[in-house]
file protein12.cif (mmCIF, C-alpha atoms)
data_final
#
loop_
_atom_site.label_atom_id
_atom_site.label_comp_id
_atom_site.auth_asym_id
_atom_site.auth_seq_id
_atom_site.Cartn_x
_atom_site.Cartn_y
_atom_site.Cartn_z
CA MET A 269 153.09 99.55 125.23
CA ARG A 270 155.17 102.15 127.04
CA TYR A 271 158.04 101.34 124.74
CA THR A 272 156.10 101.56 121.53
CA MET A 273 154.51 104.88 122.45
CA THR A 274 157.95 106.22 123.26
CA THR A 275 159.26 104.91 119.99
CA MET A 276 156.44 106.52 118.05
CA ALA A 277 157.18 109.80 119.77
CA ALA A 278 160.81 109.45 118.81
CA VAL A 279 159.83 108.83 115.20
CA LEU A 280 157.61 111.87 115.13
CA CYS A 281 160.24 114.05 116.77
CA ALA A 282 162.91 112.76 114.41
CA ALA A 283 160.77 113.63 111.45
CA ALA A 284 159.70 117.02 112.70
CA LEU A 285 162.74 118.41 114.49
CA PRO A 286 166.31 118.91 113.40
CA CYS A 287 168.91 117.16 115.49
CA GLN A 288 169.69 119.35 118.49
CA GLU A 289 173.15 117.87 118.97
CA PRO A 290 174.47 117.05 115.53
CA LYS A 291 177.79 115.86 116.93
CA GLY A 292 176.37 114.19 120.03
CA LEU A 293 176.26 110.43 120.41
CA ALA A 294 172.74 110.33 121.84
CA CYS A 295 171.42 112.37 118.98
CA ASP A 296 173.10 110.20 116.36
CA VAL A 297 171.83 106.99 117.93
CA ASP A 298 168.28 108.09 118.56
CA THR A 299 167.81 109.84 115.25
CA ALA A 300 169.25 106.98 113.22
CA PHE A 301 167.33 104.38 115.25
CA ALA A 302 164.02 106.20 114.80
CA ALA A 303 164.60 106.55 111.08
CA ALA A 304 164.99 102.77 110.75
CA LEU A 305 161.55 102.01 112.22
CA PRO A 306 158.69 101.26 109.80
CA PRO A 307 156.44 104.29 109.28
CA LEU A 308 153.26 104.15 111.35
CA ALA A 309 151.14 104.33 108.18
CA GLU A 310 152.57 100.93 107.20
CA ALA A 311 153.02 99.38 110.63
CA ARG A 312 149.45 98.95 111.87
CA TRP A 313 149.11 95.62 110.05
CA THR A 314 150.73 94.24 113.20
CA LEU A 315 147.40 94.90 114.93
CA ILE A 316 145.60 92.36 112.75
CA PRO A 317 145.07 88.99 114.50
CA TRP A 318 146.64 86.99 111.68
CA ARG A 319 146.18 83.26 111.45
CA HIS A 320 149.01 81.48 109.66
CA SER A 321 147.21 78.26 108.77
CA LEU A 322 144.58 78.37 106.05
CA THR A 323 143.62 74.80 106.93
CA ASP A 324 142.82 75.70 110.54
CA ALA A 325 141.21 78.99 109.49
CA LEU A 326 138.68 77.12 107.36
CA VAL A 327 137.55 75.23 110.45
CA GLU A 328 137.23 78.53 112.34
CA ALA A 329 135.34 80.12 109.43
CA LYS A 330 132.78 77.32 109.51
CA GLN A 331 132.40 77.54 113.29
CA THR A 332 131.98 81.32 113.30
CA ASN A 333 130.25 81.63 109.90
CA ARG A 334 132.74 84.30 108.85
CA PRO A 335 134.48 84.57 105.49
CA ILE A 336 138.26 84.35 105.39
CA TYR A 337 140.36 87.24 104.14
CA LEU A 338 143.37 85.50 102.59
CA TYR A 339 146.59 87.45 102.07
CA VAL A 340 149.26 85.59 100.11
CA ASN A 341 152.78 86.91 99.69
CA ASP A 342 156.28 85.53 99.27
CA GLY A 343 157.76 84.95 102.68
CA ASP A 344 156.81 86.16 106.12
CA VAL A 345 154.62 89.17 106.78
CA ASP A 346 156.26 90.03 110.13
CA SER A 347 159.92 90.00 109.31
CA GLY A 348 159.77 90.97 105.67
CA ARG A 349 161.60 87.73 104.93
CA CYS A 350 160.83 84.14 105.91
CA MET B 292 156.31 94.93 103.89
CA ARG B 293 154.04 96.82 101.51
CA ALA B 294 151.28 97.15 104.05
CA GLY B 295 149.45 100.34 103.15
CA LEU B 296 146.06 98.63 102.82
CA LEU B 297 146.56 96.44 105.86
CA SER B 298 147.52 99.41 108.02
CA ASN B 299 144.28 101.22 107.23
CA PRO B 300 142.33 101.42 110.54
CA HIS B 301 139.01 100.72 108.79
CA VAL B 302 140.42 97.60 107.12
CA ILE B 303 141.84 96.39 110.45
CA ALA B 304 138.51 97.01 112.19
CA VAL B 305 136.47 95.01 109.65
CA LEU B 306 139.05 92.21 109.60
CA ARG B 307 138.86 91.94 113.40
CA THR B 308 135.05 92.06 113.45
CA LEU B 309 133.72 90.31 110.38
CA PHE B 310 136.41 88.07 108.90
CA VAL B 311 139.04 85.48 109.73
CA PRO B 312 142.32 87.10 108.55
CA VAL B 313 144.92 84.67 107.21
CA HIS B 314 148.42 85.23 105.90
CA ILE B 315 150.34 82.47 104.19
CA SER B 316 153.28 82.34 101.83
CA ALA B 317 152.86 81.69 98.11
CA LEU B 318 153.40 78.34 96.38
CA ASN B 319 156.83 79.43 95.14
CA THR B 320 158.01 79.60 98.76
CA PRO B 321 156.30 76.62 100.46
CA HIS B 322 159.11 76.37 103.01
CA CYS B 323 157.85 79.69 104.42
CA MET B 324 154.38 78.30 105.14
CA HIS B 325 153.65 77.69 108.82
CA ASP B 326 151.29 74.79 108.05
CA ALA B 327 152.53 72.25 105.50
CA ARG B 328 148.94 71.21 104.79
CA ASP B 329 148.34 74.63 103.23
CA VAL B 330 150.53 73.79 100.23
CA GLU B 331 148.05 71.24 98.91
CA LEU B 332 145.04 73.29 100.00
CA LEU B 333 146.25 76.40 98.16
CA ARG B 334 147.21 74.31 95.16
CA LYS B 335 143.61 73.10 94.93
CA CYS B 336 142.50 76.74 94.74
CA VAL B 337 144.47 77.31 91.53
CA ARG B 338 141.97 77.78 88.73
CA ALA B 339 141.71 79.78 85.54
CA ASP B 340 139.43 82.25 87.31
CA THR B 341 141.60 82.55 90.46
CA ASP B 342 145.41 82.64 90.30
CA ASP B 343 148.44 80.36 90.22
CA PHE B 344 149.69 81.78 93.56
CA ASP B 345 153.20 81.31 92.28
CA GLY B 346 154.58 84.52 93.73
CA GLY B 347 153.67 88.09 94.40
CA GLU B 348 151.04 89.67 96.56
CA ARG B 349 147.51 88.27 96.19
CA GLU B 350 144.26 88.73 98.12
CA ALA B 351 141.01 86.77 98.10
CA PHE B 352 137.98 86.18 100.26
CA VAL B 353 137.22 82.53 100.96
CA LEU B 354 133.75 81.46 102.07
CA PRO B 355 133.31 79.12 105.06
CA ASP B 356 132.52 76.27 102.64
CA GLY B 357 135.99 76.71 101.11
CA THR B 358 134.92 78.54 97.95
CA MET B 359 137.59 81.02 96.89
CA GLN B 360 136.17 84.17 95.35
CA THR B 361 137.83 86.60 92.95
CA VAL B 362 141.58 86.99 93.51
CA PHE B 363 142.57 90.63 93.56
CA MET B 364 145.36 92.98 94.52
CA SER B 365 144.38 96.10 96.39
CA LEU B 366 147.47 98.01 95.33
CA HIS B 367 146.42 97.53 91.71
CA GLY B 368 142.80 98.22 92.60
CA ARG B 369 141.58 95.37 90.43
CA ALA B 370 141.09 91.63 90.09
CA MET B 371 144.14 89.72 88.93
CA HIS B 372 142.61 88.95 85.52
CA GLU B 373 141.77 92.60 84.84
CA HIS B 374 144.11 95.22 83.48
CA GLY B 375 144.94 98.68 84.75
CA THR B 376 146.48 100.05 87.91
CA VAL B 377 144.89 102.37 90.42
CA CYS B 378 147.82 102.81 92.80
CA SER B 379 151.56 102.44 92.68
CA GLN B 380 152.80 99.53 94.75
CA TYR B 381 156.34 100.83 94.43
CA THR B 382 156.12 104.02 96.44
CA ALA B 383 155.10 104.52 100.05
CA GLU B 384 152.91 107.41 98.94
CA GLY B 385 151.10 105.25 96.39
CA ARG B 386 150.49 102.48 98.90
CA ARG B 387 148.81 104.94 101.26
CA SER B 388 146.45 106.27 98.61
CA ASP B 389 142.78 106.60 99.53
CA ASP B 390 142.07 104.38 96.51
CA VAL B 391 143.91 101.39 97.97
CA PRO B 392 140.96 99.95 100.00
CA ARG B 393 138.57 100.18 97.02
CA ALA B 394 139.02 96.61 95.73
CA PHE B 395 139.09 95.20 99.29
CA ARG B 396 135.80 96.95 100.07
CA HIS B 397 134.18 95.78 96.83
CA HIS B 398 135.11 92.12 97.19
CA GLY B 399 134.61 92.10 100.95
CA ALA B 400 130.99 93.18 100.57
CA ILE B 401 130.42 90.43 98.00
CA ALA B 402 131.81 87.82 100.41
CA LEU B 403 129.64 89.04 103.28
CA ARG B 404 126.51 88.95 101.12
CA ALA B 405 127.37 85.42 100.04
CA VAL B 406 127.61 84.29 103.67
CA HIS B 407 124.93 86.36 105.40
CA GLY B 408 122.55 87.18 102.55
CA ARG B 409 123.20 90.87 103.20
CA VAL B 410 125.98 93.15 104.34
CA PRO B 411 126.00 93.34 108.16
CA GLU B 412 125.37 96.77 109.66
CA ALA B 413 128.82 96.70 111.23
CA TRP B 414 130.38 96.71 107.76
CA ASP B 415 129.02 100.15 106.92
CA GLU B 416 129.58 101.46 110.44
CA LEU B 417 133.22 100.46 110.49
CA TRP B 418 133.99 102.48 107.36
CA SER B 419 133.07 105.63 109.30
CA ASP B 420 135.90 107.65 110.84
CA ALA B 421 133.62 108.30 113.80
CA HIS B 422 133.42 104.64 114.86
CA ALA B 423 135.05 104.12 118.26
CA ASP B 424 136.86 100.92 117.16
CA VAL B 425 138.41 102.71 114.19
CA ALA B 426 139.54 105.63 116.31
CA ALA B 427 141.04 103.25 118.87
CA ILE B 428 142.99 101.37 116.20
CA ALA B 429 144.28 104.64 114.74
CA ALA B 430 145.66 105.50 118.18
CA GLU B 431 147.09 102.03 118.88
CA ALA B 432 150.84 101.49 118.71
CA PRO B 433 152.27 98.78 116.43
CA ARG B 434 153.00 95.41 117.99
CA TRP B 435 156.56 94.45 117.23
CA PRO B 436 157.66 90.84 117.69
CA GLU B 437 158.65 89.95 121.25
CA PRO B 438 160.69 87.06 122.64
CA ALA B 439 158.99 84.23 124.48
CA ALA B 440 159.18 84.21 128.26
CA GLY B 441 162.75 84.01 129.48
CA ARG B 442 164.36 84.67 126.10
CA GLN B 443 166.39 87.77 125.22
CA GLY B 444 168.30 89.25 122.36
CA PHE B 445 168.29 91.85 119.62
CA ARG B 446 165.24 93.28 117.89
CA VAL B 447 166.37 94.52 114.51
CA PHE B 448 164.50 97.08 112.41
CA VAL B 449 165.44 97.49 108.74
CA ARG B 450 164.31 99.95 106.07
CA ASN B 451 165.66 100.01 102.56
CA SER B 452 165.04 100.73 98.91
CA TYR B 453 164.79 97.83 96.48
CA GLY B 454 164.58 98.37 92.75
CA GLN B 455 161.55 100.52 92.08
CA TYR B 456 160.44 100.25 95.72
CA ASP B 457 161.38 103.37 97.64
CA ASP B 458 160.69 102.10 101.15
CA LEU B 459 160.50 98.47 102.28
CA HIS B 460 160.87 97.46 105.91
CA GLY B 461 160.98 94.53 108.28
CA VAL B 462 161.54 93.72 111.92
CA GLN B 463 163.10 90.52 113.22
CA LEU B 464 164.36 89.06 116.49
CA ALA B 465 167.88 87.67 116.84
CA LEU B 466 167.79 85.93 120.21
CA LEU B 467 170.87 84.77 122.13
CA ASP B 468 171.32 82.05 124.73
CA ASP B 469 171.55 83.32 128.31
CA LYS B 470 175.05 81.81 128.65
CA VAL B 471 176.25 83.76 125.61
CA VAL B 472 174.77 86.98 127.00
CA ALA B 473 176.36 86.41 130.43
CA ALA B 474 179.76 85.65 128.92
CA TRP B 475 179.58 88.75 126.71
CA GLY B 476 178.75 91.04 129.62
CA TRP B 477 181.39 89.42 131.86
CA LEU B 478 184.06 90.64 129.41
CA LEU B 479 183.38 94.17 130.69
CA ASN B 480 185.34 93.13 133.80
CA SER B 481 188.52 93.09 131.75
CA VAL B 482 191.17 95.78 132.16
CA SER B 483 190.15 97.34 128.87
CA GLY B 484 186.53 97.50 129.97
CA THR B 485 185.41 96.40 126.51
CA ALA B 486 183.39 93.42 125.34
CA GLN B 487 183.18 92.27 121.74
CA LEU B 488 180.08 90.36 120.70
CA PRO B 489 181.17 86.76 119.92
CA ARG B 490 181.43 86.02 116.21
CA GLU B 491 178.56 83.48 116.15
CA ALA B 492 176.21 85.95 117.79
CA PHE B 493 177.42 88.70 115.46
CA LEU B 494 176.59 86.51 112.46
CA GLN B 495 173.12 85.96 113.85
CA LEU B 496 172.65 89.71 114.28
CA ALA B 497 173.99 90.44 110.80
CA GLN B 498 171.57 87.99 109.16
CA ALA B 499 168.69 90.01 110.62
CA MET B 500 170.15 93.23 109.20
CA VAL B 501 169.92 92.30 105.52
CA PRO B 502 167.89 94.57 103.23
CA ARG B 503 164.31 93.49 102.50
CA GLY B 504 162.59 92.82 99.18
CA MET B 505 164.00 89.34 98.61
CA VAL B 506 162.75 86.10 100.13
CA ASP B 507 164.74 84.52 102.94
CA THR B 508 168.17 86.02 102.39
CA ALA B 509 170.79 83.94 104.23
CA LEU B 510 174.35 85.16 103.79
CA ASP B 511 177.37 82.89 103.98
CA ALA B 512 179.52 83.58 107.02
CA GLU B 513 182.33 84.64 104.68
CA SER B 514 180.04 87.36 103.29
CA ILE B 515 179.72 88.99 106.72
CA SER B 516 182.46 91.05 108.32
CA GLY B 517 182.73 93.41 111.24
CA GLU B 518 182.36 93.52 114.99
CA LEU B 519 180.18 95.05 117.67
CA VAL B 520 181.90 96.18 120.87
CA LEU B 521 180.63 97.40 124.24
CA VAL B 522 182.88 100.08 125.69
CA GLY B 523 182.37 100.66 129.40
CA THR B 524 182.68 104.31 130.39
CA ALA B 525 180.90 104.46 133.76
CA PHE B 526 181.28 101.80 136.46
CA ASP B 527 178.89 102.06 139.40
CA GLY B 528 178.86 98.99 141.59
CA ASP B 529 177.35 96.16 139.57
CA ARG B 530 176.24 98.45 136.79
CA VAL B 531 178.34 99.33 133.76
CA SER B 532 177.20 101.95 131.27
CA GLY B 533 178.90 102.90 128.08
CA THR B 534 178.90 103.28 124.36
CA ILE B 535 178.69 100.76 121.54
CA GLU B 536 181.12 100.85 118.66
CA GLY B 537 181.90 98.73 115.66
CA ARG B 538 181.35 98.25 111.99
CA PHE B 539 179.67 95.83 109.62
CA GLY B 540 180.03 94.62 106.07
CA LEU B 541 177.33 92.59 104.30
CA LYS B 542 178.64 91.52 100.89
CA PRO B 543 177.02 88.39 99.41
CA ARG B 544 178.92 86.89 96.50
CA GLU B 545 176.52 84.18 95.34
CA LYS B 546 172.97 84.75 94.15
CA ARG B 547 171.75 81.80 96.22
CA GLU B 548 172.59 83.86 99.32
CA VAL B 549 170.12 86.62 98.50
CA GLY B 550 166.84 84.84 98.29
CA LYS B 551 164.82 81.72 97.68
CA ARG B 552 162.91 83.52 94.93
CA LEU B 553 165.64 83.78 92.34
CA ASN B 554 163.87 86.23 90.02
CA ALA B 555 163.77 88.69 92.93
CA ALA B 556 167.31 88.02 94.16
CA VAL B 557 169.81 90.84 93.69
CA LEU B 558 173.35 90.97 95.06
CA PHE B 559 174.22 93.96 97.21
CA ALA B 560 176.94 95.46 99.34
CA SER B 561 176.32 97.30 102.58
CA GLU B 562 178.83 98.55 105.09
CA GLY B 563 178.73 101.05 107.88
CA ARG B 564 179.43 101.83 111.52
CA PHE B 565 177.54 101.00 114.68
CA VAL B 566 176.86 103.64 117.30
CA GLY B 567 174.95 103.01 120.48
CA ARG B 568 174.74 102.94 124.25
CA PHE B 569 174.04 100.33 126.89
CA THR B 570 173.79 99.61 130.60
CA TRP B 571 174.80 96.17 131.88
CA ASP B 572 174.00 94.73 135.31
CA HIS B 573 176.74 92.31 136.41
CA LYS B 574 174.66 90.94 139.29
CA ALA B 575 171.60 90.17 137.19
CA LYS B 576 173.77 89.20 134.21
CA GLN B 577 171.54 91.11 131.87
CA PHE B 578 171.24 94.39 130.03
CA GLU B 579 169.18 97.16 131.57
CA SER B 580 169.23 99.09 128.31
CA MET B 581 170.67 98.98 124.84
CA ARG B 582 170.08 100.92 121.64
CA ILE B 583 172.17 100.71 118.48
CA ALA B 584 171.94 102.32 115.04
CA ALA B 585 173.87 101.99 111.82
CA VAL B 586 175.43 105.21 110.55
CA ASP B 587 177.59 106.21 107.60
CA VAL B 588 176.08 103.34 105.63
CA GLN B 589 177.42 102.80 102.12
CA PHE B 590 174.86 100.71 100.27
CA THR B 591 174.63 99.58 96.67
CA TRP B 592 172.52 97.08 94.78
CA LYS B 593 174.36 94.99 92.21
CA PRO B 594 171.75 93.89 89.67
CA GLU B 595 172.70 91.55 86.86
CA HIS B 596 171.11 93.86 84.34
CA GLN B 597 171.27 97.58 83.86
CA VAL B 598 169.51 99.50 86.62
CA ALA B 599 166.24 100.99 85.47
CA LYS B 600 166.22 104.77 85.46
CA TYR B 601 163.22 104.76 87.78
CA ASP B 602 164.93 102.77 90.51
CA SER B 603 164.96 104.49 93.90
CA ALA B 604 168.14 105.88 95.38
CA PRO B 605 169.75 103.07 97.40
CA ARG B 606 169.45 103.32 101.17
CA HIS B 607 169.75 100.82 104.02
CA GLN B 608 168.82 101.87 107.56
CA ILE B 609 169.20 99.67 110.64
CA GLY B 610 168.02 100.17 114.22
CA ILE B 611 168.69 97.61 116.96
CA GLU B 612 167.46 97.33 120.56
CA TRP B 613 167.66 94.76 123.31
CA VAL B 614 164.47 92.93 124.25
CA ARG B 615 163.59 90.41 126.92
CA GLY B 616 160.39 88.39 126.98
CA PRO B 617 157.67 88.56 127.74
CA ALA B 618 156.75 92.17 127.09
CA SER B 619 159.79 93.40 128.93
CA VAL B 620 161.53 95.78 126.60
CA VAL B 621 164.71 97.52 127.59
CA ARG B 622 166.30 100.29 125.59
#

call {"tool": "encode", "arguments": {"input": "protein12.cif", "output": "structure tokens"}}
result
Amino acid sequence: MRYTMTTMAAVLCAAALPCQEPKGLACDVDTAFAAALPPLAEARWTLIPWRHSLTDALVEAKQTNRPIYLYVNDGDVDSGRC
Amino acid sequence: MRAGLLSNPHVIAVLRTLFVPVHISALNTPHCMHDARDVELLRKCVRADTDDFDGGEREAFVLPDGTMQTVFMSLHGRAMHEHGTVCSQYTAEGRRSDDVPRAFRHHGAIALRAVHGRVPEAWDELWSDAHADVAAIAAEAPRWPEPAAGRQGFRVFVRNSYGQYDDLHGVQLALLDDKVVAAWGWLLNSVSGTAQLPREAFLQLAQAMVPRGMVDTALDAESISGELVLVGTAFDGDRVSGTIEGRFGLKPREKREVGKRLNAAVLFASEGRFVGRFTWDHKAKQFESMRIAAVDVQFTWKPEHQVAKYDSAPRHQIGIEWVRGPASVVR
């Protein structure tokens, strides 16, 4: 958690502030690293308790009497690949 | 991932409270499914009034008795058999539109009524900005993938354009064996004080760096060039700190390398430099910190057909950090 909050702060700073040391290594690394992170507005899906088996989820749905929200896409939702 | 809808705090709150959220891959990529039984189960859901689930993003509510309701796509704001588009799925701005949750909310309420006879009070409450659960989710940090206990390696963040998409992203672990890590760090003892990441580990890292938008890109080793080198600059007892240098080239030559979904596969070329910093502990044989970024990246897509005039300007951004499980993240 400490890491992710720090990272978010770095993202916000990178977006809001010009690089203070345009020739400095630390500035290059941190600015470029922060820019490669997914934007927060499209990163909260990681907070959803995804199940990755529809078969098992149907059993859970019956036990809890809750409908399933099914999201189908090509590949893996976490990595953006498979 | 085009996750505008699924990053909406209200949507997350109702999914946590009232539904069983499930993500699976489509029938065109069954090898990506975590549960092989789901192939046949999803195939049985294919009907004229649902979808063929043969690729692309699809959403549906499924009742506890297994009945699949209307298949829809929030980014289009409509059911799959209807025409018209409410939002643009291609731009980050479009995916964050206030209109995106409209179809989800409509079909979600129908599913809840079908199960409970009415919409639970929590449904309406959780669409309020004032709800404590919604506020807490809005303040919660993303949960990036973490190694299992005892494992360590790189966590690789990637953002890139892809055709009409202006901003796709992904995050992936590239874990290394402890012996490989120890041998890499031991090289810092050399006279030069440098340590090049072994080729096999570099290939593993490079595979995680590929641009997103295609399914399961796996480059041939011959399509990957470059090196990543630790350069010790400060030696303090067992600890070595320094900079990270190197370069990379990702240049697939065969279409089979750039995705299992061939109609989405596009060749590309990406090359750039690594910059970074690290601290290595010889005694513990592990990194205390590491952060790397790609800079001066030259990136081009190489489509078979003429590039559409509305394609986004090509960009490929990469950020890398060292992680150790569980929940022990070093930077």

call {"tool": "residues_around", "arguments": {"input": "protein12.cif", "residues": "segment 467-469 of chain B", "least_positions_apart": "2", "cutoff": "6 Å", "atoms": "all atoms listed in the file", "output": "ChimeraX atom specification"}}
result
/B:444,471-472

call {"tool": "resolve_selection", "arguments": {"input": "protein12.cif", "expression": "the PyMOL selection byres ((chain B) within 7 of (chain A))", "output": "NGL selection string"}}
result
:B and (292 or 294-295 or 297-298 or 303 or 307 or 309-317 or 320 or 323 or 325-326 or 328-329 or 346-357 or 402-403 or 432-434 or 448-450 or 460-463 or 503 or 505-507 or 566-567 or 583-586 or 608-610 or 620)

call {"tool": "atom_distance", "arguments": {"input": "protein12.cif", "atom1": "atom CA of Glu416 of chain B", "atom2": "atom CA of Ile401 of chain B"}}
result
16.6 Å

call {"tool": "atom_distance", "arguments": {"input": "protein12.cif", "atom1": "atom CA of Gly454 of chain B", "atom2": "atom CA of Glu548 of chain B"}}
result
17.8 Å

call {"tool": "resolve_selection", "arguments": {"input": "protein12.cif", "expression": "the PyMOL selection byres ((chain B and resi 515) around 10)", "output": "compact mmCIF listing (two decimals) with C-alpha atoms, in the coordinates of the input"}}
result
# COMPACT_ATOMS: atom_id res chain seq x y z
CA PHE B 493 177.42 88.70 115.46
CA LEU B 494 176.59 86.51 112.46
CA ALA B 497 173.99 90.44 110.80
CA GLN B 498 171.57 87.99 109.16
CA LEU B 510 174.35 85.16 103.79
CA ASP B 511 177.37 82.89 103.98
CA ALA B 512 179.52 83.58 107.02
CA GLU B 513 182.33 84.64 104.68
CA SER B 514 180.04 87.36 103.29
CA SER B 516 182.46 91.05 108.32
CA GLY B 517 182.73 93.41 111.24
CA GLU B 518 182.36 93.52 114.99
CA PHE B 539 179.67 95.83 109.62
CA GLY B 540 180.03 94.62 106.07
CA LEU B 541 177.33 92.59 104.30
CA LYS B 542 178.64 91.52 100.89
CA PRO B 543 177.02 88.39 99.41
CA SER B 561 176.32 97.30 102.58
CA GLU B 562 178.83 98.55 105.09

call {"tool": "closest_residue", "arguments": {"input": "protein12.cif", "among": "B:Ser532, B:Lys551, B:Ala509, B:Leu479", "to": "Leu318 of chain B", "atoms": "all atoms listed in the file"}}
result
B:Lys551

call {"tool": "resolve_selection", "arguments": {"input": "protein12.cif", "expression": "the PyMOL selection byres ((chain B and resi 589) around 10)", "output": "number ranges by chain"}}
result
B: 540, 560-564, 586-588, 590-591, 605-607

call {"tool": "atom_distance", "arguments": {"input": "protein12.cif", "atom1": "atom CA of Leu496 of chain B", "atom2": "atom CA of Leu459 of chain B"}}
result
19.2 Å

call {"tool": "axis_aligned_box", "arguments": {"input": "protein12.cif", "around": "segment 297-301 of chain A", "padding_each_side": "3 Å", "output": "AutoDock Vina command-line options"}}
result
--center_x 169.6 --center_y 107.1 --center_z 115.9 --size_x 10.5 --size_y 11.5 --size_z 11.3
